[in-house]
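Novice: Dumping the structure here so I can ask a few things about it.
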Amino acid sequence: MNTSLPSKYSWTWLVCGLGAVLAVALLIVSGLGGEFGTLVIADVGELLIVVASSIVLFWVALRPFANSPVAGRQWLLLAIGCASFAIGDVIWMYYELIARVEPPYPGLADVFYSLQYPLIAFALIRAGLAYRALVDVRGPAVLAGAISFVAAVALWFGLLQPSVLVAGISPLEMFVSAGYPLADVLLGIGPAVFVLLIVGKLGGGKLGWPLRAVVTGVLLFTLSDSAYAILNANNAYVSGSLVDYGWSAGWVLIAFGAMLAADLARPVGLPRSPQDQ
């Protein structure tokens with residue numbers, strides 16, 4: 001196992017990925033190309049960042065862990081979730097940039113956006129259970145479940161109910177608008193807390209870095225989804241809003257976590273790629 005991480009490749013990905021998110025934000029703020037230009041920058045910029053993150057996740061799952069499919073399965077699940085998010089972005093972009101109409105909400109894009117949540121949850125739970133031979137996972141599982149339940153109840157009564165249950169919104173739209181942030185808490189934050197508690201029992205250190213990066217990305221999703229649900233319920237969301245950057249940066253960090261895992265899996269002294277030989 002290689003403990004010299006992050007590698008220069010992982011650092012390069014993180015800097016370039018977050019740099020791309022910042023560049024998109026600055027271009028949007030500049031107002032380049034007017035209203036339609038802002039839509040193009042926002043939609044295409046996010047799509048390119050998410051697609052790049054998906055490629056990184058698939059590469060980690062299928063190359064460094066090619067001989068350890070069980071260990072790589074959690075990254076494959078995250079890769080599929082990221083690809084599903086990208087498909088949702090393509091559908092959304094079609095409506096905004098090609099059809100020049102308001103994307104239907106709820107619509108087909110939401111089907112693909114929603115698929116990421118069970119995939120993220122399953123991947124995180126698998127990651128935590130991988131350490132069950134070293135630590136007792138029952139305590140972290142119960143505590144994480146309790147925290148996510150309390151957080152979901154607080155989110156509903158404190159934030160979603162007054163913002164989502166408003167006049168003029170269909171029951172389906174209410175369900176989807178509330179479903180995003182609630183799914184983040186129950187299928188994202190809950191499993192994330194479970195993983196962090198287990199990593200804490202292991203004593204932390206570099207072994208926990210990949211999962212901490214993933215959890216940070218999931219937290220960004222939670223913030224963006226909650227903000228999106230509130231803004232959309234009040235007809236205040238537009239592409240290029242601040243909430244968009246949380247989704248893009250979230251996937252960059254999740255892919256960064258995958259690269260850190262690849263760094264750890266690479267034996268000391270072994271080149272990362274044929275080009276390094």
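Residue numbering restarts at 1 for every chain of the structure tokens, chains are lettered A, B, ... in their displayed order, and ligands are numbered from 1 as they appear.
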Based on DSSP run over this structure's backbone, return all residues of segment 65-211 of chain A in helix (DSSP H, G or I), as a ChimeraX atom specification.
Specialist: /A:69-98,108-129,138-164,171-201,206-211
Novice: So that I have them on file, write out the residues from the current selection with C-alpha atoms, as an mmCIF file, in the first residue's frame.
Specialist:
data_model
loop_
_atom_site.group_PDB
_atom_site.id
_atom_site.type_symbol
_atom_site.label_atom_id
_atom_site.label_comp_id
_atom_site.auth_asym_id
_atom_site.auth_seq_id
_atom_site.Cartn_x
_atom_site.Cartn_y
_atom_site.Cartn_z
ATOM 1 C CA PRO A 69 -13.506 -5.666 -8.242
ATOM 2 C CA VAL A 70 -14.993 -5.826 -4.752
ATOM 3 C CA ALA A 71 -12.880 -2.879 -3.585
ATOM 4 C CA GLY A 72 -13.618 -0.967 -6.770
ATOM 5 C CA ARG A 73 -17.362 -1.541 -6.738
ATOM 6 C CA GLN A 74 -18.113 1.474 -4.550
ATOM 7 C CA TRP A 75 -16.316 3.726 -7.045
ATOM 8 C CA LEU A 76 -18.192 2.086 -9.922
ATOM 9 C CA LEU A 77 -21.501 2.844 -8.193
ATOM 10 C CA LEU A 78 -20.438 6.469 -7.763
ATOM 11 C CA ALA A 79 -19.338 6.584 -11.414
ATOM 12 C CA ILE A 80 -22.750 5.372 -12.560
ATOM 13 C CA GLY A 81 -24.412 7.927 -10.287
ATOM 14 C CA CYS A 82 -22.264 10.685 -11.749
ATOM 15 C CA ALA A 83 -23.053 9.525 -15.309
ATOM 16 C CA SER A 84 -26.753 9.532 -14.453
ATOM 17 C CA PHE A 85 -26.440 13.125 -13.229
ATOM 18 C CA ALA A 86 -24.695 14.007 -16.515
ATOM 19 C CA ILE A 87 -27.565 12.495 -18.532
ATOM 20 C CA GLY A 88 -29.975 14.633 -16.528
ATOM 21 C CA ASP A 89 -27.849 17.667 -17.408
ATOM 22 C CA VAL A 90 -27.976 16.771 -21.119
ATOM 23 C CA ILE A 91 -31.774 16.589 -21.019
ATOM 24 C CA TRP A 92 -31.981 19.869 -19.106
ATOM 25 C CA MET A 93 -29.577 21.497 -21.567
ATOM 26 C CA TYR A 94 -31.662 20.323 -24.533
ATOM 27 C CA TYR A 95 -34.710 22.174 -23.269
ATOM 28 C CA GLU A 96 -32.850 25.371 -22.355
ATOM 29 C CA LEU A 97 -30.389 25.673 -25.232
ATOM 30 C CA ILE A 98 -31.941 23.831 -28.169
ATOM 31 C CA LEU A 108 -37.353 13.323 -17.495
ATOM 32 C CA ALA A 109 -34.185 15.034 -16.244
ATOM 33 C CA ASP A 110 -35.355 14.524 -12.662
ATOM 34 C CA VAL A 111 -35.554 10.756 -13.229
ATOM 35 C CA PHE A 112 -31.822 10.650 -13.944
ATOM 36 C CA TYR A 113 -30.955 13.203 -11.265
ATOM 37 C CA SER A 114 -32.794 11.051 -8.715
ATOM 38 C CA LEU A 115 -30.936 7.851 -9.623
ATOM 39 C CA GLN A 116 -27.734 9.174 -8.075
ATOM 40 C CA TYR A 117 -29.099 9.066 -4.516
ATOM 41 C CA PRO A 118 -29.520 5.298 -4.013
ATOM 42 C CA LEU A 119 -26.226 4.737 -5.841
ATOM 43 C CA ILE A 120 -24.372 7.167 -3.545
ATOM 44 C CA ALA A 121 -26.027 5.621 -0.473
ATOM 45 C CA PHE A 122 -25.162 2.057 -1.508
ATOM 46 C CA ALA A 123 -21.573 3.049 -2.327
ATOM 47 C CA LEU A 124 -21.033 4.747 1.045
ATOM 48 C CA ILE A 125 -22.637 1.905 2.991
ATOM 49 C CA ARG A 126 -20.427 -0.603 1.160
ATOM 50 C CA ALA A 127 -17.380 1.513 1.972
ATOM 51 C CA GLY A 128 -18.261 1.521 5.665
ATOM 52 C CA LEU A 129 -19.082 -2.182 5.834
ATOM 53 C CA ARG A 138 -23.514 -1.506 14.647
ATOM 54 C CA GLY A 139 -23.017 1.568 16.831
ATOM 55 C CA PRO A 140 -22.138 3.858 13.906
ATOM 56 C CA ALA A 141 -25.093 2.483 11.912
ATOM 57 C CA VAL A 142 -27.599 3.218 14.681
ATOM 58 C CA LEU A 143 -26.173 6.661 15.410
ATOM 59 C CA ALA A 144 -26.042 7.606 11.727
ATOM 60 C CA GLY A 145 -29.631 6.464 11.244
ATOM 61 C CA ALA A 146 -30.795 8.500 14.241
ATOM 62 C CA ILE A 147 -28.920 11.610 13.077
ATOM 63 C CA SER A 148 -30.296 11.397 9.537
ATOM 64 C CA PHE A 149 -33.849 10.882 10.825
ATOM 65 C CA VAL A 150 -33.670 13.869 13.177
ATOM 66 C CA ALA A 151 -32.071 15.970 10.431
ATOM 67 C CA ALA A 152 -34.823 14.982 7.968
ATOM 68 C CA VAL A 153 -37.556 15.932 10.440
ATOM 69 C CA ALA A 154 -35.849 19.250 11.228
ATOM 70 C CA LEU A 155 -35.333 19.937 7.516
ATOM 71 C CA TRP A 156 -38.971 19.254 6.746
ATOM 72 C CA PHE A 157 -40.552 21.343 9.493
ATOM 73 C CA GLY A 158 -37.915 24.063 9.617
ATOM 74 C CA LEU A 159 -37.187 24.636 5.941
ATOM 75 C CA LEU A 160 -39.129 22.587 3.421
ATOM 76 C CA GLN A 161 -42.680 22.720 4.718
ATOM 77 C CA PRO A 162 -42.963 26.533 4.679
ATOM 78 C CA SER A 163 -41.108 26.789 1.383
ATOM 79 C CA VAL A 164 -42.421 23.828 -0.628
ATOM 80 C CA PRO A 171 -48.603 17.533 -5.571
ATOM 81 C CA LEU A 172 -46.014 15.907 -7.844
ATOM 82 C CA GLU A 173 -43.894 19.066 -7.878
ATOM 83 C CA MET A 174 -44.150 19.297 -4.094
ATOM 84 C CA PHE A 175 -43.054 15.661 -3.810
ATOM 85 C CA VAL A 176 -40.046 16.120 -6.090
ATOM 86 C CA SER A 177 -39.016 19.464 -4.569
ATOM 87 C CA ALA A 178 -39.056 17.981 -1.084
ATOM 88 C CA GLY A 179 -37.623 14.683 -2.279
ATOM 89 C CA TYR A 180 -34.265 16.079 -3.376
ATOM 90 C CA PRO A 181 -33.120 17.497 -0.011
ATOM 91 C CA LEU A 182 -34.754 14.684 1.960
ATOM 92 C CA ALA A 183 -32.976 12.116 -0.205
ATOM 93 C CA ASP A 184 -29.732 13.987 0.452
ATOM 94 C CA VAL A 185 -30.231 13.689 4.199
ATOM 95 C CA LEU A 186 -31.498 10.110 4.312
ATOM 96 C CA LEU A 187 -29.465 8.601 1.446
ATOM 97 C CA GLY A 188 -26.487 10.962 1.504
ATOM 98 C CA ILE A 189 -25.841 12.439 4.937
ATOM 99 C CA GLY A 190 -26.929 9.318 6.819
ATOM 100 C CA PRO A 191 -24.517 6.961 5.013
ATOM 101 C CA ALA A 192 -21.847 9.699 5.074
ATOM 102 C CA VAL A 193 -22.060 9.992 8.867
ATOM 103 C CA PHE A 194 -21.910 6.190 9.078
ATOM 104 C CA VAL A 195 -18.662 6.193 7.095
ATOM 105 C CA LEU A 196 -17.128 9.061 9.076
ATOM 106 C CA LEU A 197 -17.893 7.354 12.389
ATOM 107 C CA ILE A 198 -16.204 4.169 11.202
ATOM 108 C CA VAL A 199 -13.188 6.081 9.886
ATOM 109 C CA GLY A 200 -12.979 7.795 13.274
ATOM 110 C CA LYS A 201 -12.870 4.411 15.011
ATOM 111 C CA LYS A 206 -4.545 8.913 5.328
ATOM 112 C CA LEU A 207 -6.696 5.805 5.022
ATOM 113 C CA GLY A 208 -9.715 7.987 5.696
ATOM 114 C CA TRP A 209 -8.873 10.736 3.199
ATOM 115 C CA PRO A 210 -10.704 9.237 0.193
ATOM 116 C CA LEU A 211 -13.940 8.827 2.116
#
Novice: Could you give me, as a list in words, the residues within 10 Å of Leu253 of chain A, counting only C-alpha atoms and dropping anything in the same chain fewer than 3 positions from it?
Specialist: Trp13, Leu14, Gly17, Leu18, Ser53, Pro210, Arg212, Ala213, Val214, Val215, Thr216, Gly217, Val218, Leu220, Ser248, Ala249, Gly250, Phe256, Gly257, Ala258 and Met259 of chain A
Novice: Excluding same-chain residues fewer than 3 positions from Leu27 of chain A, what lies within 9 Å of it counting only C-alpha atoms, as an MDAnalysis selection string?
Specialist: chainID A and resid 22:24 30:32 38 41:42
Novice: What is the atom CA of Ser170 of chain A to atom CA of Asn234 of chain A distance in Å?
Specialist: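 Atom-to-atom, atom CA of Ser170 of chain A and atom CA of Asn234 of chain A are spaced 13.0 Å apart.
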Novice: Rounded to one decimal, what separation in Å do you get between atom CA of Phe58 of chain A and atom CA of Asp263 of chain A?
Specialist: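 Here the two named atoms are 15.1 Å from each other.
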Novice: Measure the distance from atom CA of Pro103 of chain A to atom CA of Glu35 of chain A in Å and round it to one decimal.
Specialist: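 Separating atom CA of Pro103 of chain A from atom CA of Glu35 of chain A is a distance of 16.1 Å.
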